[in-house]
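A.B. asks: Before we start, here is the structure in question, set down as C-alpha cells.
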Amino acid sequence: MGDATRSRDQRAQRSGLRLAGVRTSWHTVDDGDFFCPACGGDRSYRRRAGRRRFVLLGVPLLSRGRVAPVLECAACHGHFGPEALDHPTTNRLALLLRDAVHAVALAVLTAGGRESRAAREAAVHSVRSAGYTGCTEEQLVTLLAALAADRDSSPSVCAEIELHEALAPLAPHLAPAGRESLLLHGARIALADGPYCAAEREALEAVGRSLRLEDEDVDRLLAQARTPH
C-alpha cells in the first residue's frame, strides 16, 4: 500500500470518528452552591442530567439511554456525583458550628449552671466567640426558661435528643481536635462556678457521645479542663 493510499485511509478514519459516535447531551435541572472537591472551596454548581445518543453526521439518531446526573462546578467544570452535596459549604459549616456551641452551652446551663452568674457569663462568652455576637445573658436565661417549660417529664432525655440533633450533623465534618474543642467549651462553662456536679458531667458525657468521642477521651478532656493554664 502506497503512502497516498494510507493517507486517504487515515483521513477517512479521522472523518468517520468526527461524523459518527455516541455523545452525551446535557441539560441543567437546578443549581446552587457546594464545596467543590477539586477546587477545595465553595463554588456554584449546576445539576445536570444527560442522555446518550448515537450521532451520525452531526444528527442525533438513536437514544442509548440516560446517564447518571452530575454536579458540574462553575469554576473548574469538573463533574461530581450527587454525594458531593453531603459535604457542607464553608458557610454552612460555620453555621453548624455556631449552633453546636449554642446547644452545648444551653445543655450545661440547664444541667447545673443556670443560677450561677459566673456560668452564665462563661456561656455568653463561648456563644459570642462562636458567631452569635449579639448574645446576652438575658437572652440565654429566657431561652432556658422556655426550654424547661417545653420539655416533658424526662428533661434529661429531651436535652440529649436536642444535643444530638445539633451535634450529629456536624461531627463527621470535624477533625478530632475540633470535636474535642466543642466539648471543652462546655467543660469550661461547667467549671466557671466550681467543680462539675453530677448533672453537668452527665450533660458533658452526652455531648461527647453526640460528637462520637470515646469515653476515655471524654474523661481525659474533662480532667484537662480542670487543670489551670
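Chain labels A, B, ... are given in the sequence in which chains occur in the C-alpha cells; within each chain residues are numbered consecutively from 1, and ligands are likewise numbered from 1 in the order shown.
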With a distance cut-off of 12 Å and only C-alpha atoms, select the neighbouring residues of Arg114 of chain A, excluding the residue or stretch itself and same-chain residues fewer than 5 positions from it, and output the selection as a short mmCIF file (atom, residue, chain, number, x, y, z; two decimals) with all heavy atoms, in the first residue's frame.
C.D. replies:
```cif
data_model
loop_
_atom_site.label_atom_id
_atom_site.label_comp_id
_atom_site.auth_asym_id
_atom_site.auth_seq_id
_atom_site.Cartn_x
_atom_site.Cartn_y
_atom_site.Cartn_z
N ALA A 105 -23.76 25.03 75.28
CA ALA A 105 -23.89 26.00 76.38
C ALA A 105 -25.23 25.85 77.09
O ALA A 105 -25.30 25.84 78.33
CB ALA A 105 -23.72 27.42 75.84
N LEU A 106 -26.30 25.72 76.31
CA LEU A 106 -27.63 25.57 76.92
C LEU A 106 -27.72 24.27 77.71
O LEU A 106 -28.32 24.24 78.80
CB LEU A 106 -28.70 25.59 75.83
CG LEU A 106 -28.96 26.94 75.16
CD1 LEU A 106 -29.97 26.78 74.03
CD2 LEU A 106 -29.45 27.97 76.17
N ALA A 107 -27.13 23.19 77.19
CA ALA A 107 -27.19 21.90 77.87
C ALA A 107 -26.49 21.97 79.22
O ALA A 107 -27.00 21.45 80.23
CB ALA A 107 -26.56 20.82 77.00
N VAL A 108 -25.34 22.61 79.26
CA VAL A 108 -24.58 22.70 80.51
C VAL A 108 -25.29 23.61 81.52
O VAL A 108 -25.39 23.29 82.71
CB VAL A 108 -23.15 23.20 80.24
CG1 VAL A 108 -22.40 23.42 81.56
CG2 VAL A 108 -22.40 22.19 79.38
N LEU A 109 -25.81 24.73 81.06
CA LEU A 109 -26.53 25.63 81.96
C LEU A 109 -27.78 24.95 82.51
O LEU A 109 -28.12 25.10 83.70
CB LEU A 109 -26.91 26.92 81.24
CG LEU A 109 -25.78 27.88 80.91
CD1 LEU A 109 -26.32 29.10 80.15
CD2 LEU A 109 -25.05 28.33 82.17
N ALA A 119 -21.24 31.08 85.54
CA ALA A 119 -21.50 30.11 84.48
C ALA A 119 -22.23 30.77 83.32
O ALA A 119 -21.93 30.50 82.14
CB ALA A 119 -22.31 28.94 85.03
N ARG A 120 -23.19 31.64 83.63
CA ARG A 120 -23.92 32.32 82.56
C ARG A 120 -22.99 33.22 81.75
O ARG A 120 -23.07 33.29 80.52
CB ARG A 120 -25.09 33.12 83.13
CG ARG A 120 -26.18 32.27 83.78
CD ARG A 120 -27.47 33.07 83.97
NE ARG A 120 -27.26 34.27 84.78
CZ ARG A 120 -27.41 34.34 86.10
NH1 ARG A 120 -27.75 33.25 86.78
NH2 ARG A 120 -27.23 35.48 86.75
N GLU A 121 -22.10 33.92 82.44
CA GLU A 121 -21.15 34.79 81.73
C GLU A 121 -20.20 33.97 80.85
O GLU A 121 -19.87 34.37 79.74
CB GLU A 121 -20.37 35.63 82.74
CG GLU A 121 -21.20 36.73 83.40
CD GLU A 121 -20.41 37.52 84.42
OE1 GLU A 121 -19.30 37.04 84.81
OE2 GLU A 121 -20.87 38.60 84.83
N ALA A 122 -19.77 32.83 81.37
CA ALA A 122 -18.90 31.95 80.57
C ALA A 122 -19.63 31.44 79.33
O ALA A 122 -19.06 31.34 78.24
CB ALA A 122 -18.41 30.77 81.42
N ALA A 123 -20.92 31.13 79.48
CA ALA A 123 -21.72 30.67 78.35
C ALA A 123 -21.89 31.77 77.32
O ALA A 123 -21.77 31.51 76.10
CB ALA A 123 -23.09 30.19 78.85
N VAL A 124 -22.15 32.98 77.75
CA VAL A 124 -22.29 34.11 76.82
C VAL A 124 -21.00 34.31 76.05
O VAL A 124 -21.01 34.50 74.82
CB VAL A 124 -22.68 35.40 77.58
CG1 VAL A 124 -22.56 36.61 76.66
CG2 VAL A 124 -24.10 35.29 78.11
N GLU A 137 -26.81 37.64 78.31
CA GLU A 137 -27.16 36.77 79.43
C GLU A 137 -28.67 36.67 79.57
O GLU A 137 -29.23 35.58 79.83
CB GLU A 137 -26.53 37.35 80.71
CG GLU A 137 -26.60 36.43 81.90
CD GLU A 137 -25.88 37.03 83.09
OE1 GLU A 137 -24.90 37.78 82.89
OE2 GLU A 137 -26.32 36.76 84.23
N GLU A 138 -29.36 37.78 79.39
CA GLU A 138 -30.82 37.79 79.49
C GLU A 138 -31.46 36.87 78.45
O GLU A 138 -32.42 36.15 78.74
CB GLU A 138 -31.35 39.21 79.33
CG GLU A 138 -32.86 39.33 79.49
CD GLU A 138 -33.35 40.76 79.30
OE1 GLU A 138 -32.51 41.66 79.12
OE2 GLU A 138 -34.58 40.95 79.33
N LEU A 140 -30.14 34.18 77.10
CA LEU A 140 -29.92 32.79 77.49
C LEU A 140 -30.88 32.36 78.59
O LEU A 140 -31.45 31.27 78.54
CB LEU A 140 -28.47 32.59 77.95
CG LEU A 140 -27.40 32.55 76.87
CD1 LEU A 140 -26.03 32.29 77.49
CD2 LEU A 140 -27.70 31.48 75.82
N VAL A 141 -31.08 33.23 79.57
CA VAL A 141 -31.99 32.90 80.68
C VAL A 141 -33.42 32.72 80.17
O VAL A 141 -34.13 31.78 80.56
CB VAL A 141 -31.93 34.00 81.76
CG1 VAL A 141 -33.04 33.80 82.80
CG2 VAL A 141 -30.57 34.00 82.44
N THR A 142 -33.85 33.60 79.26
CA THR A 142 -35.19 33.50 78.69
C THR A 142 -35.36 32.20 77.91
O THR A 142 -36.38 31.51 78.00
CB THR A 142 -35.48 34.70 77.77
OG1 THR A 142 -35.35 35.90 78.52
CG2 THR A 142 -36.87 34.61 77.17
N LEU A 143 -34.32 31.86 77.15
CA LEU A 143 -34.38 30.63 76.35
C LEU A 143 -34.38 29.40 77.23
O LEU A 143 -35.11 28.43 76.98
CB LEU A 143 -33.20 30.59 75.38
CG LEU A 143 -33.16 29.44 74.37
CD1 LEU A 143 -34.47 29.33 73.59
CD2 LEU A 143 -31.99 29.62 73.41
N LEU A 144 -33.60 29.42 78.30
CA LEU A 144 -33.58 28.29 79.24
C LEU A 144 -34.95 28.07 79.87
O LEU A 144 -35.41 26.94 80.02
CB LEU A 144 -32.54 28.55 80.33
CG LEU A 144 -31.07 28.40 79.92
CD1 LEU A 144 -30.17 28.94 81.01
CD2 LEU A 144 -30.74 26.94 79.63
N ALA A 145 -35.62 29.17 80.23
CA ALA A 145 -36.96 29.05 80.81
C ALA A 145 -37.94 28.47 79.81
O ALA A 145 -38.79 27.63 80.16
CB ALA A 145 -37.43 30.43 81.29
N ALA A 148 -37.26 24.72 79.44
CA ALA A 148 -37.73 23.97 80.61
C ALA A 148 -39.24 23.77 80.56
O ALA A 148 -39.76 22.71 80.91
CB ALA A 148 -37.33 24.70 81.89
N ILE A 189 -17.60 26.10 80.77
CA ILE A 189 -18.82 26.72 81.32
C ILE A 189 -19.19 26.04 82.64
O ILE A 189 -19.52 26.70 83.63
CB ILE A 189 -19.98 26.61 80.31
CG1 ILE A 189 -19.67 27.43 79.05
CG2 ILE A 189 -21.29 27.09 80.93
CD1 ILE A 189 -20.64 27.18 77.90
N ALA A 190 -19.13 24.70 82.65
CA ALA A 190 -19.49 23.95 83.85
C ALA A 190 -18.56 24.27 85.01
O ALA A 190 -18.99 24.31 86.18
CB ALA A 190 -19.46 22.45 83.54
N ALA A 192 -16.99 27.08 85.57
CA ALA A 192 -16.92 28.51 85.90
C ALA A 192 -17.39 28.78 87.32
O ALA A 192 -16.95 29.75 87.95
CB ALA A 192 -17.77 29.31 84.91
N ASP A 193 -18.28 27.94 87.86
CA ASP A 193 -18.78 28.16 89.22
C ASP A 193 -18.34 27.07 90.18
O ASP A 193 -18.92 26.89 91.25
CB ASP A 193 -20.31 28.25 89.21
CG ASP A 193 -20.96 26.98 88.69
OD1 ASP A 193 -20.25 26.13 88.11
OD2 ASP A 193 -22.19 26.84 88.84
N GLU A 200 -24.03 18.05 85.46
CA GLU A 200 -23.18 18.67 84.45
C GLU A 200 -22.30 17.63 83.77
O GLU A 200 -22.12 17.65 82.55
CB GLU A 200 -22.30 19.75 85.10
CG GLU A 200 -23.07 21.02 85.46
CD GLU A 200 -22.21 21.98 86.26
OE1 GLU A 200 -21.25 21.52 86.94
OE2 GLU A 200 -22.52 23.19 86.24
#
```
A.B. asks: Tell me, as a PyMOL selection string, which residues lie within 8 Å of segment 79-87 of chain A, counting only C-alpha atoms; anything in the same chain fewer than 2 positions away does not count.
C.D. replies: chain A and resi 34-37+69-73+77+89+173
A.B. asks: Considering only C-alpha atoms, can you say which of A:Ala103, A:Ala130, A:Ala225, A:Leu191 comes closest to His164 of chain A?
C.D. replies: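 Ranking A:Ala103, A:Ala130, A:Ala225, A:Leu191 by distance to His164 of chain A, first place goes to A:Ala103.
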A.B. asks: Going by DSSP on the backbone, which residues of segment 43-222 of chain A come out as strand (DSSP E or B)? List them as a count of residues only.
C.D. replies: 31
A.B. asks: How many Å separate atom CA of Ala100 of chain A from atom CA of Gln224 of chain A?
C.D. replies: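 Going from atom CA of Ala100 of chain A over to atom CA of Gln224 of chain A, I get 21.0 Å.
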A.B. asks: Contacts of segment 201-217 of chain A at 8 Å or less, counting only C-alpha atoms, minus same-chain residues fewer than 3 places along, as a PDB file with N, CA, C and O atoms, in the first residue's frame?
C.D. replies:
```pdb
ATOM      1  N   VAL A 104     -24.499  23.302  73.201  1.00  0.00           N
ATOM      2  CA  VAL A 104     -23.685  22.803  74.311  1.00  0.00           C
ATOM      3  C   VAL A 104     -23.818  23.735  75.519  1.00  0.00           C
ATOM      4  O   VAL A 104     -23.973  23.280  76.667  1.00  0.00           O
ATOM      5  N   ALA A 107     -27.126  23.193  77.186  1.00  0.00           N
ATOM      6  CA  ALA A 107     -27.193  21.900  77.870  1.00  0.00           C
ATOM      7  C   ALA A 107     -26.492  21.972  79.224  1.00  0.00           C
ATOM      8  O   ALA A 107     -26.997  21.449  80.231  1.00  0.00           O
ATOM      9  N   VAL A 108     -25.337  22.613  79.261  1.00  0.00           N
ATOM     10  CA  VAL A 108     -24.580  22.697  80.514  1.00  0.00           C
ATOM     11  C   VAL A 108     -25.294  23.611  81.515  1.00  0.00           C
ATOM     12  O   VAL A 108     -25.387  23.290  82.711  1.00  0.00           O
ATOM     13  N   ALA A 111     -28.146  21.840  83.017  1.00  0.00           N
ATOM     14  CA  ALA A 111     -27.750  20.773  83.935  1.00  0.00           C
ATOM     15  C   ALA A 111     -27.359  21.290  85.316  1.00  0.00           C
ATOM     16  O   ALA A 111     -27.532  20.582  86.316  1.00  0.00           O
ATOM     17  N   GLU A 160     -30.741  15.463  75.693  1.00  0.00           N
ATOM     18  CA  GLU A 160     -29.787  14.677  74.889  1.00  0.00           C
ATOM     19  C   GLU A 160     -30.249  14.585  73.445  1.00  0.00           C
ATOM     20  O   GLU A 160     -29.434  14.635  72.525  1.00  0.00           O
ATOM     21  N   LEU A 163     -29.340  17.845  71.863  1.00  0.00           N
ATOM     22  CA  LEU A 163     -27.904  17.881  71.633  1.00  0.00           C
ATOM     23  C   LEU A 163     -27.530  17.072  70.396  1.00  0.00           C
ATOM     24  O   LEU A 163     -26.741  17.510  69.552  1.00  0.00           O
ATOM     25  N   HIS A 164     -28.088  15.883  70.305  1.00  0.00           N
ATOM     26  CA  HIS A 164     -27.768  15.012  69.171  1.00  0.00           C
ATOM     27  C   HIS A 164     -28.182  15.666  67.856  1.00  0.00           C
ATOM     28  O   HIS A 164     -27.448  15.604  66.860  1.00  0.00           O
ATOM     29  N   LEU A 167     -25.514  18.381  67.164  1.00  0.00           N
ATOM     30  CA  LEU A 167     -24.114  17.994  67.016  1.00  0.00           C
ATOM     31  C   LEU A 167     -23.870  16.894  65.983  1.00  0.00           C
ATOM     32  O   LEU A 167     -22.822  16.881  65.330  1.00  0.00           O
ATOM     33  N   ALA A 168     -24.811  15.961  65.854  1.00  0.00           N
ATOM     34  CA  ALA A 168     -24.581  14.824  64.962  1.00  0.00           C
ATOM     35  C   ALA A 168     -24.328  15.221  63.504  1.00  0.00           C
ATOM     36  O   ALA A 168     -23.446  14.646  62.853  1.00  0.00           O
ATOM     37  N   ALA A 171     -20.545  16.503  63.453  1.00  0.00           N
ATOM     38  CA  ALA A 171     -19.434  15.647  63.884  1.00  0.00           C
ATOM     39  C   ALA A 171     -18.627  15.018  62.739  1.00  0.00           C
ATOM     40  O   ALA A 171     -17.395  15.020  62.789  1.00  0.00           O
ATOM     41  N   ARG A 179     -13.728  18.400  67.411  1.00  0.00           N
ATOM     42  CA  ARG A 179     -14.765  17.815  68.263  1.00  0.00           C
ATOM     43  C   ARG A 179     -14.384  17.949  69.744  1.00  0.00           C
ATOM     44  O   ARG A 179     -15.225  18.212  70.599  1.00  0.00           O
ATOM     45  N   GLU A 180     -13.103  17.778  70.024  1.00  0.00           N
ATOM     46  CA  GLU A 180     -12.641  17.940  71.402  1.00  0.00           C
ATOM     47  C   GLU A 180     -12.811  19.381  71.874  1.00  0.00           C
ATOM     48  O   GLU A 180     -13.175  19.633  73.028  1.00  0.00           O
ATOM     49  N   LEU A 183     -16.320  20.045  73.113  1.00  0.00           N
ATOM     50  CA  LEU A 183     -16.564  19.523  74.464  1.00  0.00           C
ATOM     51  C   LEU A 183     -15.918  20.428  75.506  1.00  0.00           C
ATOM     52  O   LEU A 183     -16.506  20.684  76.573  1.00  0.00           O
ATOM     53  N   GLY A 186     -18.001  23.379  76.608  1.00  0.00           N
ATOM     54  CA  GLY A 186     -18.973  23.044  77.647  1.00  0.00           C
ATOM     55  C   GLY A 186     -18.328  22.837  78.997  1.00  0.00           C
ATOM     56  O   GLY A 186     -18.879  23.243  80.035  1.00  0.00           O
ATOM     57  N   ALA A 187     -17.154  22.204  79.014  1.00  0.00           N
ATOM     58  CA  ALA A 187     -16.475  21.942  80.288  1.00  0.00           C
ATOM     59  C   ALA A 187     -16.107  23.242  80.994  1.00  0.00           C
ATOM     60  O   ALA A 187     -16.242  23.361  82.223  1.00  0.00           O
ATOM     61  N   TYR A 196     -17.430  20.092  88.581  1.00  0.00           N
ATOM     62  CA  TYR A 196     -18.606  19.518  87.924  1.00  0.00           C
ATOM     63  C   TYR A 196     -19.556  18.923  88.952  1.00  0.00           C
ATOM     64  O   TYR A 196     -19.136  18.190  89.852  1.00  0.00           O
ATOM     65  N   CYS A 197     -20.834  19.221  88.789  1.00  0.00           N
ATOM     66  CA  CYS A 197     -21.826  18.460  89.550  1.00  0.00           C
ATOM     67  C   CYS A 197     -22.201  17.240  88.712  1.00  0.00           C
ATOM     68  O   CYS A 197     -21.828  17.125  87.541  1.00  0.00           O
ATOM     69  N   ALA A 198     -22.938  16.315  89.293  1.00  0.00           N
ATOM     70  CA  ALA A 198     -23.263  15.069  88.598  1.00  0.00           C
ATOM     71  C   ALA A 198     -24.040  15.334  87.306  1.00  0.00           C
ATOM     72  O   ALA A 198     -23.787  14.718  86.275  1.00  0.00           O
ATOM     73  N   ARG A 220     -10.593  12.184  79.701  1.00  0.00           N
ATOM     74  CA  ARG A 220      -9.321  12.914  79.600  1.00  0.00           C
ATOM     75  C   ARG A 220      -9.555  14.416  79.423  1.00  0.00           C
ATOM     76  O   ARG A 220      -8.903  15.246  80.073  1.00  0.00           O
ATOM     77  N   LEU A 221     -10.506  14.769  78.575  1.00  0.00           N
ATOM     78  CA  LEU A 221     -10.765  16.178  78.293  1.00  0.00           C
ATOM     79  C   LEU A 221     -11.395  16.893  79.487  1.00  0.00           C
ATOM     80  O   LEU A 221     -11.066  18.055  79.770  1.00  0.00           O
TER      81      LEU A 221
END
```
A.B. asks: Could you state the separation of atom CA of Val67 of chain A and atom CA of Arg51 of chain A in Å, given to one decimal place?
C.D. replies: 5.7 Å
A.B. asks: Nearest residue to Asp42 of chain A out of A:Gly65, A:Pro176, A:Pro88, A:Gly78, using only C-alpha atoms?
C.D. replies: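 Answer, going by the shortest atom-to-atom distance: A:Pro88.
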A.B. asks: Which residues in segment 98-213 of chain A does DSSP call helix (DSSP H, G or I)? List them as a PyMOL selection string.
C.D. replies: chain A and resi 98-113+117-130+137-150+155-167+171-173+176-191+198-210
A.B. asks: For the atom pair atom CA of Leu182 of chain A and atom CA of Val101 of chain A, what is the interatomic distance in Å to one decimal place?
C.D. replies: 6.6 Å
A.B. asks: Tell me which of A:Leu222, A:Leu147, A:Leu96, A:Ala118 sits closest to Glu165 of chain A, counting only C-alpha atoms.
C.D. replies: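 Closest to Glu165 of chain A of all the choices is A:Leu96.
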